[in-house]
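Peer 1: Dropping in upload-v9.pdb, which is PDB, C-alpha atoms and all ligand atoms:
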ATOM      1  CA  MET A   1     178.505  80.819 103.201  1.00  0.00           C
ATOM      2  CA  PHE A   2     178.496  82.644 106.517  1.00  0.00           C
ATOM      3  CA  VAL A   3     178.701  86.102 108.039  1.00  0.00           C
ATOM      4  CA  MET A   4     179.782  87.161 111.503  1.00  0.00           C
ATOM      5  CA  ILE A   5     177.539  89.523 113.431  1.00  0.00           C
ATOM      6  CA  GLY A   6     179.686  90.513 116.367  1.00  0.00           C
ATOM      7  CA  ALA A   7     180.649  87.192 117.948  1.00  0.00           C
ATOM      8  CA  CYS A   8     177.701  85.360 116.353  1.00  0.00           C
ATOM      9  CA  ARG A   9     177.762  83.387 113.144  1.00  0.00           C
ATOM     10  CA  LEU A  10     174.902  83.334 110.653  1.00  0.00           C
ATOM     11  CA  GLU A  11     175.390  80.614 108.080  1.00  0.00           C
ATOM     12  CA  LEU A  12     173.670  79.084 105.091  1.00  0.00           C
ATOM     13  CA  LEU A  13     173.987  75.400 104.345  1.00  0.00           C
ATOM     14  CA  GLN A  14     172.351  73.201 101.748  1.00  0.00           C
ATOM     15  CA  GLY A  15     171.214  70.011 103.457  1.00  0.00           C
ATOM     16  CA  ASP A  16     168.773  68.125 105.632  1.00  0.00           C
ATOM     17  CA  ILE A  17     167.791  69.773 108.906  1.00  0.00           C
ATOM     18  CA  THR A  18     167.249  66.427 110.656  1.00  0.00           C
ATOM     19  CA  ARG A  19     171.014  65.752 110.438  1.00  0.00           C
ATOM     20  CA  GLN A  20     172.168  68.950 112.111  1.00  0.00           C
ATOM     21  CA  GLN A  21     174.281  68.740 115.255  1.00  0.00           C
ATOM     22  CA  VAL A  22     172.894  71.819 116.941  1.00  0.00           C
ATOM     23  CA  ASP A  23     171.127  72.512 120.230  1.00  0.00           C
ATOM     24  CA  ALA A  24     167.759  73.195 118.598  1.00  0.00           C
ATOM     25  CA  ILE A  25     166.131  72.719 115.224  1.00  0.00           C
ATOM     26  CA  VAL A  26     163.052  74.551 114.043  1.00  0.00           C
ATOM     27  CA  ASN A  27     160.107  72.728 112.519  1.00  0.00           C
ATOM     28  CA  ALA A  28     157.799  74.392 109.973  1.00  0.00           C
ATOM     29  CA  ALA A  29     154.593  72.962 111.439  1.00  0.00           C
ATOM     30  CA  ASN A  30     150.895  73.678 110.891  1.00  0.00           C
ATOM     31  CA  SER A  31     148.727  75.418 113.458  1.00  0.00           C
ATOM     32  CA  GLU A  32     147.124  72.146 114.592  1.00  0.00           C
ATOM     33  CA  LEU A  33     150.611  70.657 115.166  1.00  0.00           C
ATOM     34  CA  ALA A  34     149.112  67.677 113.374  1.00  0.00           C
ATOM     35  CA  GLY A  35     152.194  66.605 111.450  1.00  0.00           C
ATOM     36  CA  GLY A  36     152.379  66.754 107.693  1.00  0.00           C
ATOM     37  CA  GLY A  37     154.681  66.435 104.714  1.00  0.00           C
ATOM     38  CA  GLY A  38     157.815  68.378 103.870  1.00  0.00           C
ATOM     39  CA  VAL A  39     160.180  69.267 106.660  1.00  0.00           C
ATOM     40  CA  ASP A  40     157.514  68.545 109.303  1.00  0.00           C
ATOM     41  CA  GLY A  41     157.185  64.937 108.144  1.00  0.00           C
ATOM     42  CA  ALA A  42     160.966  64.516 107.984  1.00  0.00           C
ATOM     43  CA  ILE A  43     161.435  65.856 111.534  1.00  0.00           C
ATOM     44  CA  HIS A  44     158.712  63.648 113.025  1.00  0.00           C
ATOM     45  CA  ARG A  45     160.047  60.565 111.198  1.00  0.00           C
ATOM     46  CA  ALA A  46     163.597  61.176 112.380  1.00  0.00           C
ATOM     47  CA  GLY A  47     162.638  62.301 115.885  1.00  0.00           C
ATOM     48  CA  GLY A  48     160.211  59.453 116.569  1.00  0.00           C
ATOM     49  CA  PRO A  49     156.768  59.398 118.233  1.00  0.00           C
ATOM     50  CA  THR A  50     157.766  61.304 121.391  1.00  0.00           C
ATOM     51  CA  LEU A  51     157.606  64.588 119.468  1.00  0.00           C
ATOM     52  CA  MET A  52     153.939  64.109 118.635  1.00  0.00           C
ATOM     53  CA  SER A  53     153.011  62.806 122.074  1.00  0.00           C
ATOM     54  CA  GLU A  54     154.671  65.859 123.622  1.00  0.00           C
ATOM     55  CA  THR A  55     152.962  68.393 121.366  1.00  0.00           C
ATOM     56  CA  SER A  56     149.563  66.709 121.878  1.00  0.00           C
ATOM     57  CA  ALA A  57     149.987  66.620 125.654  1.00  0.00           C
ATOM     58  CA  LYS A  58     151.453  70.103 126.144  1.00  0.00           C
ATOM     59  CA  PHE A  59     149.825  72.050 123.321  1.00  0.00           C
ATOM     60  CA  PRO A  60     146.452  70.438 122.573  1.00  0.00           C
ATOM     61  CA  GLN A  61     145.210  73.797 121.303  1.00  0.00           C
ATOM     62  CA  GLY A  62     147.993  73.866 118.670  1.00  0.00           C
ATOM     63  CA  CYS A  63     150.057  76.946 117.901  1.00  0.00           C
ATOM     64  CA  PRO A  64     148.952  80.211 116.272  1.00  0.00           C
ATOM     65  CA  THR A  65     150.563  81.392 113.046  1.00  0.00           C
ATOM     66  CA  GLY A  66     153.675  83.454 113.802  1.00  0.00           C
ATOM     67  CA  SER A  67     154.277  81.757 117.145  1.00  0.00           C
ATOM     68  CA  ALA A  68     156.275  78.690 118.256  1.00  0.00           C
ATOM     69  CA  VAL A  69     156.257  75.996 120.934  1.00  0.00           C
ATOM     70  CA  PRO A  70     159.150  73.864 122.239  1.00  0.00           C
ATOM     71  CA  THR A  71     159.507  70.110 122.696  1.00  0.00           C
ATOM     72  CA  THR A  72     162.429  67.801 123.301  1.00  0.00           C
ATOM     73  CA  ALA A  73     163.940  66.230 120.199  1.00  0.00           C
ATOM     74  CA  GLY A  74     163.498  62.457 120.595  1.00  0.00           C
ATOM     75  CA  ASN A  75     165.997  60.581 118.428  1.00  0.00           C
ATOM     76  CA  LEU A  76     167.332  63.690 116.725  1.00  0.00           C
ATOM     77  CA  PRO A  77     170.858  64.910 117.484  1.00  0.00           C
ATOM     78  CA  ALA A  78     169.396  68.225 118.741  1.00  0.00           C
ATOM     79  CA  LYS A  79     168.144  68.823 122.299  1.00  0.00           C
ATOM     80  CA  PHE A  80     164.995  70.729 121.327  1.00  0.00           C
ATOM     81  CA  VAL A  81     162.579  71.165 118.471  1.00  0.00           C
ATOM     82  CA  PHE A  82     160.832  74.516 118.192  1.00  0.00           C
ATOM     83  CA  HIS A  83     157.611  73.985 116.261  1.00  0.00           C
ATOM     84  CA  THR A  84     156.659  77.206 114.536  1.00  0.00           C
ATOM     85  CA  VAL A  85     153.860  78.070 112.154  1.00  0.00           C
ATOM     86  CA  GLY A  86     154.684  80.295 109.219  1.00  0.00           C
ATOM     87  CA  PRO A  87     152.045  82.111 107.183  1.00  0.00           C
ATOM     88  CA  ILE A  88     150.407  80.705 104.080  1.00  0.00           C
ATOM     89  CA  TRP A  89     151.251  83.048 101.183  1.00  0.00           C
ATOM     90  CA  ARG A  90     148.085  84.805 100.007  1.00  0.00           C
ATOM     91  CA  GLY A  91     149.653  87.466  97.792  1.00  0.00           C
ATOM     92  CA  GLY A  92     151.546  89.460 100.412  1.00  0.00           C
ATOM     93  CA  GLN A  93     148.829  91.867 101.595  1.00  0.00           C
ATOM     94  CA  GLU A  94     147.559  89.737 104.462  1.00  0.00           C
ATOM     95  CA  GLY A  95     150.325  90.351 106.972  1.00  0.00           C
ATOM     96  CA  GLU A  96     152.551  87.564 105.655  1.00  0.00           C
ATOM     97  CA  PRO A  97     155.895  89.375 106.222  1.00  0.00           C
ATOM     98  CA  ASP A  98     155.005  90.279 109.833  1.00  0.00           C
ATOM     99  CA  LEU A  99     153.884  86.727 110.555  1.00  0.00           C
ATOM    100  CA  LEU A 100     157.034  85.238 109.037  1.00  0.00           C
ATOM    101  CA  ARG A 101     159.202  87.709 111.002  1.00  0.00           C
ATOM    102  CA  SER A 102     157.346  86.756 114.157  1.00  0.00           C
ATOM    103  CA  ALA A 103     157.879  83.018 113.520  1.00  0.00           C
ATOM    104  CA  PHE A 104     161.655  83.503 113.260  1.00  0.00           C
ATOM    105  CA  LYS A 105     161.820  85.906 116.189  1.00  0.00           C
ATOM    106  CA  THR A 106     159.805  83.671 118.511  1.00  0.00           C
ATOM    107  CA  CYS A 107     162.125  80.735 117.759  1.00  0.00           C
ATOM    108  CA  LEU A 108     165.203  82.874 118.416  1.00  0.00           C
ATOM    109  CA  GLU A 109     163.689  83.950 121.735  1.00  0.00           C
ATOM    110  CA  LEU A 110     162.990  80.309 122.608  1.00  0.00           C
ATOM    111  CA  ALA A 111     166.616  79.472 121.763  1.00  0.00           C
ATOM    112  CA  VAL A 112     167.878  82.120 124.182  1.00  0.00           C
ATOM    113  CA  GLU A 113     165.368  81.064 126.833  1.00  0.00           C
ATOM    114  CA  HIS A 114     166.508  77.423 126.540  1.00  0.00           C
ATOM    115  CA  GLN A 115     170.185  78.417 126.579  1.00  0.00           C
ATOM    116  CA  CYS A 116     170.844  77.084 123.101  1.00  0.00           C
ATOM    117  CA  GLU A 117     174.159  78.127 121.610  1.00  0.00           C
ATOM    118  CA  SER A 118     173.146  76.926 118.153  1.00  0.00           C
ATOM    119  CA  VAL A 119     169.871  76.725 116.266  1.00  0.00           C
ATOM    120  CA  ALA A 120     169.022  75.570 112.736  1.00  0.00           C
ATOM    121  CA  PHE A 121     166.066  76.831 110.700  1.00  0.00           C
ATOM    122  CA  PRO A 122     164.458  75.537 107.521  1.00  0.00           C
ATOM    123  CA  ALA A 123     163.092  77.990 104.950  1.00  0.00           C
ATOM    124  CA  ILE A 124     159.770  78.350 106.793  1.00  0.00           C
ATOM    125  CA  SER A 125     156.678  78.783 104.552  1.00  0.00           C
ATOM    126  CA  THR A 126     158.562  78.293 101.251  1.00  0.00           C
ATOM    127  CA  GLY A 127     157.208  74.778 100.580  1.00  0.00           C
ATOM    128  CA  VAL A 128     153.498  73.987 100.458  1.00  0.00           C
ATOM    129  CA  TYR A 129     152.717  77.372 102.072  1.00  0.00           C
ATOM    130  CA  GLY A 130     153.920  78.980  98.831  1.00  0.00           C
ATOM    131  CA  TYR A 131     155.895  81.977 100.138  1.00  0.00           C
ATOM    132  CA  PRO A 132     158.170  83.289  97.348  1.00  0.00           C
ATOM    133  CA  LYS A 133     161.691  82.159  98.219  1.00  0.00           C
ATOM    134  CA  ASP A 134     163.409  85.502  97.615  1.00  0.00           C
ATOM    135  CA  LEU A 135     160.907  87.393  99.770  1.00  0.00           C
ATOM    136  CA  ALA A 136     161.063  84.747 102.493  1.00  0.00           C
ATOM    137  CA  ALA A 137     164.868  84.973 102.410  1.00  0.00           C
ATOM    138  CA  GLU A 138     164.775  88.768 102.879  1.00  0.00           C
ATOM    139  CA  THR A 139     162.473  88.581 105.878  1.00  0.00           C
ATOM    140  CA  ALA A 140     164.231  85.571 107.434  1.00  0.00           C
ATOM    141  CA  LEU A 141     167.750  86.940 107.110  1.00  0.00           C
ATOM    142  CA  GLN A 142     166.851  90.483 108.172  1.00  0.00           C
ATOM    143  CA  THR A 143     165.054  89.168 111.245  1.00  0.00           C
ATOM    144  CA  ILE A 144     167.962  86.930 112.263  1.00  0.00           C
ATOM    145  CA  HIS A 145     170.519  89.678 111.570  1.00  0.00           C
ATOM    146  CA  GLU A 146     168.631  92.210 113.674  1.00  0.00           C
ATOM    147  CA  PHE A 147     168.139  89.742 116.522  1.00  0.00           C
ATOM    148  CA  LEU A 148     171.823  88.762 116.647  1.00  0.00           C
ATOM    149  CA  GLN A 149     172.905  92.385 116.538  1.00  0.00           C
ATOM    150  CA  THR A 150     170.667  93.228 119.476  1.00  0.00           C
ATOM    151  CA  THR A 151     170.935  90.077 121.568  1.00  0.00           C
ATOM    152  CA  GLN A 152     174.360  88.609 120.645  1.00  0.00           C
ATOM    153  CA  GLN A 153     172.843  85.152 121.146  1.00  0.00           C
ATOM    154  CA  PRO A 154     172.610  82.370 120.041  1.00  0.00           C
ATOM    155  CA  LYS A 155     176.223  82.025 118.894  1.00  0.00           C
ATOM    156  CA  LEU A 156     175.294  80.087 115.763  1.00  0.00           C
ATOM    157  CA  VAL A 157     172.210  80.420 113.577  1.00  0.00           C
ATOM    158  CA  ARG A 158     172.190  78.083 110.591  1.00  0.00           C
ATOM    159  CA  MET A 159     169.683  78.274 107.749  1.00  0.00           C
ATOM    160  CA  VAL A 160     169.423  74.764 106.302  1.00  0.00           C
ATOM    161  CA  LEU A 161     168.168  74.950 102.736  1.00  0.00           C
ATOM    162  CA  PHE A 162     167.012  71.692 101.244  1.00  0.00           C
ATOM    163  CA  ASP A 163     167.512  72.375  97.552  1.00  0.00           C
ATOM    164  CA  GLY A 164     169.865  74.410  95.395  1.00  0.00           C
ATOM    165  CA  GLY A 165     167.207  76.900  94.316  1.00  0.00           C
ATOM    166  CA  THR A 166     166.346  77.849  97.880  1.00  0.00           C
ATOM    167  CA  TYR A 167     170.018  77.997  98.831  1.00  0.00           C
ATOM    168  CA  GLY A 168     170.634  80.322  95.862  1.00  0.00           C
ATOM    169  CA  ALA A 169     167.780  82.637  96.852  1.00  0.00           C
ATOM    170  CA  PHE A 170     169.086  82.933 100.425  1.00  0.00           C
ATOM    171  CA  ALA A 171     172.706  83.372  99.274  1.00  0.00           C
ATOM    172  CA  ARG A 172     171.756  86.224  96.914  1.00  0.00           C
ATOM    173  CA  VAL A 173     169.881  88.034  99.667  1.00  0.00           C
ATOM    174  CA  LEU A 174     172.692  87.573 102.194  1.00  0.00           C
ATOM    175  CA  GLU A 175     175.234  88.856  99.672  1.00  0.00           C
ATOM    176  CA  SER A 176     173.101  91.923  98.952  1.00  0.00           C
ATOM    177  CA  MET A 177     172.788  92.622 102.665  1.00  0.00           C
ATOM    178  CA  LEU A 178     176.588  92.698 102.910  1.00  0.00           C
ATOM    179  CA  ALA A 179     177.090  94.918  99.867  1.00  0.00           C
TER     180      ALA A 179
HETATM  181  P1  LIG A 201     155.756  75.088 104.768  1.00  0.00           P
HETATM  182  O1  LIG A 201     154.415  74.422 104.968  1.00  0.00           O
HETATM  183  O2  LIG A 201     156.123  76.007 105.920  1.00  0.00           O
HETATM  184  O3  LIG A 201     155.888  75.723 103.431  1.00  0.00           O
HETATM  185  P2  LIG A 201     157.374  72.786 103.911  1.00  0.00           P
HETATM  186  O4  LIG A 201     157.874  71.671 104.747  1.00  0.00           O
HETATM  187  O5  LIG A 201     156.418  72.462 102.818  1.00  0.00           O
HETATM  188  O6  LIG A 201     156.800  73.883 104.938  1.00  0.00           O
HETATM  189  O7  LIG A 201     158.622  73.533 103.262  1.00  0.00           O
HETATM  190  C1  LIG A 201     159.479  74.420 103.939  1.00  0.00           C
HETATM  191  C2  LIG A 201     160.873  74.289 103.371  1.00  0.00           C
HETATM  192  O8  LIG A 201     161.513  73.146 103.942  1.00  0.00           O
HETATM  193  C3  LIG A 201     160.929  74.075 101.855  1.00  0.00           C
HETATM  194  O9  LIG A 201     161.937  74.936 101.316  1.00  0.00           O
HETATM  195  C4  LIG A 201     161.321  72.613 101.708  1.00  0.00           C
HETATM  196  O10 LIG A 201     162.075  72.380 100.537  1.00  0.00           O
HETATM  197  C5  LIG A 201     162.200  72.439 102.928  1.00  0.00           C
HETATM  198  N1  LIG A 201     162.469  71.068 103.395  1.00  0.00           N
HETATM  199  C6  LIG A 201     161.786  69.910 103.178  1.00  0.00           C
HETATM  200  N2  LIG A 201     162.400  68.877 103.800  1.00  0.00           N
HETATM  201  C7  LIG A 201     163.486  69.386 104.447  1.00  0.00           C
HETATM  202  C8  LIG A 201     164.527  68.854 105.266  1.00  0.00           C
HETATM  203  N3  LIG A 201     164.595  67.543 105.554  1.00  0.00           N
HETATM  204  N4  LIG A 201     165.487  69.703 105.743  1.00  0.00           N
HETATM  205  C9  LIG A 201     165.448  71.028 105.463  1.00  0.00           C
HETATM  206  N5  LIG A 201     164.497  71.596 104.703  1.00  0.00           N
HETATM  207  C10 LIG A 201     163.528  70.792 104.213  1.00  0.00           C
END
Using structure tokens, write down the structure from this file.
Ligand code: ADP
Peer 2:
Amino acid sequence: MFVMIGACRLELLQGDITRQQVDAIVNAANSELAGGGGVDGAIHRAGGPTLMSETSAKFPQGCPTGSAVPTTAGNLPAKFVFHTVGPIWRGGQEGEPDLLRSAFKTCLELAVEHQCESVAFPAISTGVYGYPKDLAAETALQTIHEFLQTTQQPKLVRMVLFDGGTYGAFARVLESMLA
């Protein structure tokens, strides 16, 4: 499903982020940028070793939670990978929503800065970091919606949800935002 926000399109798709033909994809990394499982592992496998050599060379100090750093995209169809670090869910009283909002917003700012017309996000923090999917969907979609309303860029923001349950959670939230 998709919604238009002015001239920009916000869409939800069930699929694999490594296959997306967009200018930039977002990686849900860890703060050491050390690689890992989940979407991080899939992106590094598909992108090849240049992603890791670039993060190690340019960002040896890693990346703080709620922020993001850019690299090129190696063998991926995208031009850039924005490596962001979402919060680990610790019950919701430890600033998790602000940190998740900041992760999305920083990536959207990087997309504008790198003149990307299209960017694809995974459901940051909803895997091993344990963020409840419905709450993550609210924060993610509100943040993207607000950014597109204000900035009118990038022209396409795609949330790529790996499984049906996550897609359903995001679709319910997007529908309720339209109601
Ligand atoms: P985090 O540590 O931020 O929770 P994970 O990689 O464990 O990151 O999970 C984040 C989300 O990415 C989960 O919803 C997971 O199902 C999803 N995911 C895993 N592999 C892929 C992929 N290839 N494309 C898109 N999403 C993926």
Peer 1: Using the chain letters and numbering of this document, enumerate as a PyMOL selection string the residues selected by the PyMOL selection byres (((chain A and resi 148) around 10) and not hetatm).
Peer 2: chain A and resi 4-10+108+142-147+149-157
Peer 1: For C-alpha atoms, I'd like the residues from the last selection saved as a compact mmCIF listing (two decimals), keeping the file's coordinate frame.
Peer 2:
# COMPACT_ATOMS: atom_id res chain seq x y z
CA MET A 4 179.78 87.16 111.50
CA ILE A 5 177.54 89.52 113.43
CA GLY A 6 179.69 90.51 116.37
CA ALA A 7 180.65 87.19 117.95
CA CYS A 8 177.70 85.36 116.35
CA ARG A 9 177.76 83.39 113.14
CA LEU A 10 174.90 83.33 110.65
CA LEU A 108 165.20 82.87 118.42
CA GLN A 142 166.85 90.48 108.17
CA THR A 143 165.05 89.17 111.24
CA ILE A 144 167.96 86.93 112.26
CA HIS A 145 170.52 89.68 111.57
CA GLU A 146 168.63 92.21 113.67
CA PHE A 147 168.14 89.74 116.52
CA GLN A 149 172.90 92.38 116.54
CA THR A 150 170.67 93.23 119.48
CA THR A 151 170.94 90.08 121.57
CA GLN A 152 174.36 88.61 120.64
CA GLN A 153 172.84 85.15 121.15
CA PRO A 154 172.61 82.37 120.04
CA LYS A 155 176.22 82.02 118.89
CA LEU A 156 175.29 80.09 115.76
CA VAL A 157 172.21 80.42 113.58
Peer 1: In Å, how far is it from atom O4 of ligand LIG 201 (chain A) to CA of Asn30 in chain A?
Peer 2: 9.5 Å
Peer 1: Under the rule of at most 7 Å, produce a per-residue listing of chain A near ligand LIG 201 (chain A): chain, number, name, the closest pair of atoms, and the distance in Å, as a Markdown table, using all atoms listed in the file.
Peer 2:
| residue | atom | partner | partner_atom | distance |
| --- | --- | --- | --- | --- |
| A:Gly15 | CA | A:LIG201 | N4 | 6.2 |
| A:Asp16 | CA | A:LIG201 | N4 | 3.6 |
| A:Ile17 | CA | A:LIG201 | N4 | 3.9 |
| A:Thr18 | CA | A:LIG201 | N3 | 5.9 |
| A:Ala28 | CA | A:LIG201 | O2 | 4.7 |
| A:Ala29 | CA | A:LIG201 | O2 | 6.5 |
| A:Asn30 | CA | A:LIG201 | O1 | 6.9 |
| A:Gly37 | CA | A:LIG201 | O4 | 6.1 |
| A:Gly38 | CA | A:LIG201 | O4 | 3.4 |
| A:Val39 | CA | A:LIG201 | N2 | 3.6 |
| A:Asp40 | CA | A:LIG201 | O4 | 5.5 |
| A:Ala42 | CA | A:LIG201 | N3 | 5.3 |
| A:Ile43 | CA | A:LIG201 | N3 | 7.0 |
| A:Val85 | CA | A:LIG201 | O2 | 6.9 |
| A:Gly86 | CA | A:LIG201 | O2 | 5.6 |
| A:Pro122 | CA | A:LIG201 | N5 | 4.8 |
| A:Ala123 | CA | A:LIG201 | C2 | 4.6 |
| A:Ile124 | CA | A:LIG201 | O2 | 4.4 |
| A:Ser125 | CA | A:LIG201 | O2 | 3.1 |
| A:Thr126 | CA | A:LIG201 | O3 | 4.3 |
| A:Gly127 | CA | A:LIG201 | O7 | 3.3 |
| A:Val128 | CA | A:LIG201 | O5 | 4.1 |
| A:Tyr129 | CA | A:LIG201 | O3 | 3.8 |
| A:Gly130 | CA | A:LIG201 | O3 | 6.0 |
| A:Val160 | CA | A:LIG201 | C9 | 5.5 |
| A:Leu161 | CA | A:LIG201 | N5 | 5.3 |
| A:Phe162 | CA | A:LIG201 | N5 | 4.3 |
| A:Asp163 | CA | A:LIG201 | O10 | 6.2 |
| A:Thr166 | CA | A:LIG201 | O9 | 6.3 |
Peer 1: Suppose you want the space between CA of Arg172 in chain A and CA of Arg158 in chain A; what is it in Å?
Peer 2: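 One can read the CA of Arg172 in chain A to CA of Arg158 in chain A distance as 15.9 Å.
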Peer 1: Which residue is closest to Gly35 in chain A? Choose from A:His83, A:His114, A:Arg19, A:Lys133 and count only C-alpha atoms.
Peer 2: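 Of the candidates, the smallest distance to Gly35 in chain A is held by A:His83.
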Peer 1: So that I can see what lies close to Gly62 in chain A, please list as a list in words the residues with an atom at most 12 Å from it, counting only C-alpha atoms and leaving out residues fewer than 6 positions away in the same chain.
Peer 2: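 My reading of the contact set: Ala29, Asn30, Ser31, Glu32, Leu33, Ala34, Gly35, Met52, Glu54, Thr55, Ser56, Ala68, Val69, Pro70, His83, Thr84 and Val85 of chain A.
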Peer 1: So what do you get for CA of Met1 in chain A versus CA of Leu13 in chain A, distance-wise?
Peer 2: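 CA of Met1 in chain A sits 7.1 Å away from CA of Leu13 in chain A.
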Peer 1: Keeping C-alpha atoms (and nothing else), can you write range 50-77 of chain A of this structure as a PDB file, in the first residue's frame?
Peer 2:
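See part.pdb below for the written result:
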ATOM      1  CA  THR A  50      33.655  -2.993   0.415  1.00  0.00           C
ATOM      2  CA  LEU A  51      30.870  -1.990   2.812  1.00  0.00           C
ATOM      3  CA  MET A  52      32.812  -3.203   5.834  1.00  0.00           C
ATOM      4  CA  SER A  53      36.135  -1.823   4.635  1.00  0.00           C
ATOM      5  CA  GLU A  54      34.487   1.569   4.131  1.00  0.00           C
ATOM      6  CA  THR A  55      32.819   1.680   7.542  1.00  0.00           C
ATOM      7  CA  SER A  56      36.046   0.561   9.270  1.00  0.00           C
ATOM      8  CA  ALA A  57      38.130   3.151   7.428  1.00  0.00           C
ATOM      9  CA  LYS A  58      35.731   6.099   7.687  1.00  0.00           C
ATOM     10  CA  PHE A  59      33.977   5.405  10.981  1.00  0.00           C
ATOM     11  CA  PRO A  60      36.386   3.464  13.210  1.00  0.00           C
ATOM     12  CA  GLN A  61      34.606   4.888  16.250  1.00  0.00           C
ATOM     13  CA  GLY A  62      31.304   3.331  15.085  1.00  0.00           C
ATOM     14  CA  CYS A  63      27.993   5.166  15.168  1.00  0.00           C
ATOM     15  CA  PRO A  64      25.962   6.284  18.195  1.00  0.00           C
ATOM     16  CA  THR A  65      22.422   5.019  18.709  1.00  0.00           C
ATOM     17  CA  GLY A  66      19.939   7.266  16.895  1.00  0.00           C
ATOM     18  CA  SER A  67      22.494   8.419  14.333  1.00  0.00           C
ATOM     19  CA  ALA A  68      23.572   7.155  10.888  1.00  0.00           C
ATOM     20  CA  VAL A  69      26.614   7.084   8.614  1.00  0.00           C
ATOM     21  CA  PRO A  70      26.785   6.694   4.814  1.00  0.00           C
ATOM     22  CA  THR A  71      28.808   4.353   2.611  1.00  0.00           C
ATOM     23  CA  THR A  72      28.628   3.353  -1.023  1.00  0.00           C
ATOM     24  CA  ALA A  73      26.660   0.196  -1.755  1.00  0.00           C
ATOM     25  CA  GLY A  74      29.135  -2.265  -3.307  1.00  0.00           C
ATOM     26  CA  ASN A  75      27.301  -4.912  -5.329  1.00  0.00           C
ATOM     27  CA  LEU A  76      23.844  -3.763  -4.290  1.00  0.00           C
ATOM     28  CA  PRO A  77      21.556  -2.082  -6.826  1.00  0.00           C
TER      29      PRO A  77
END
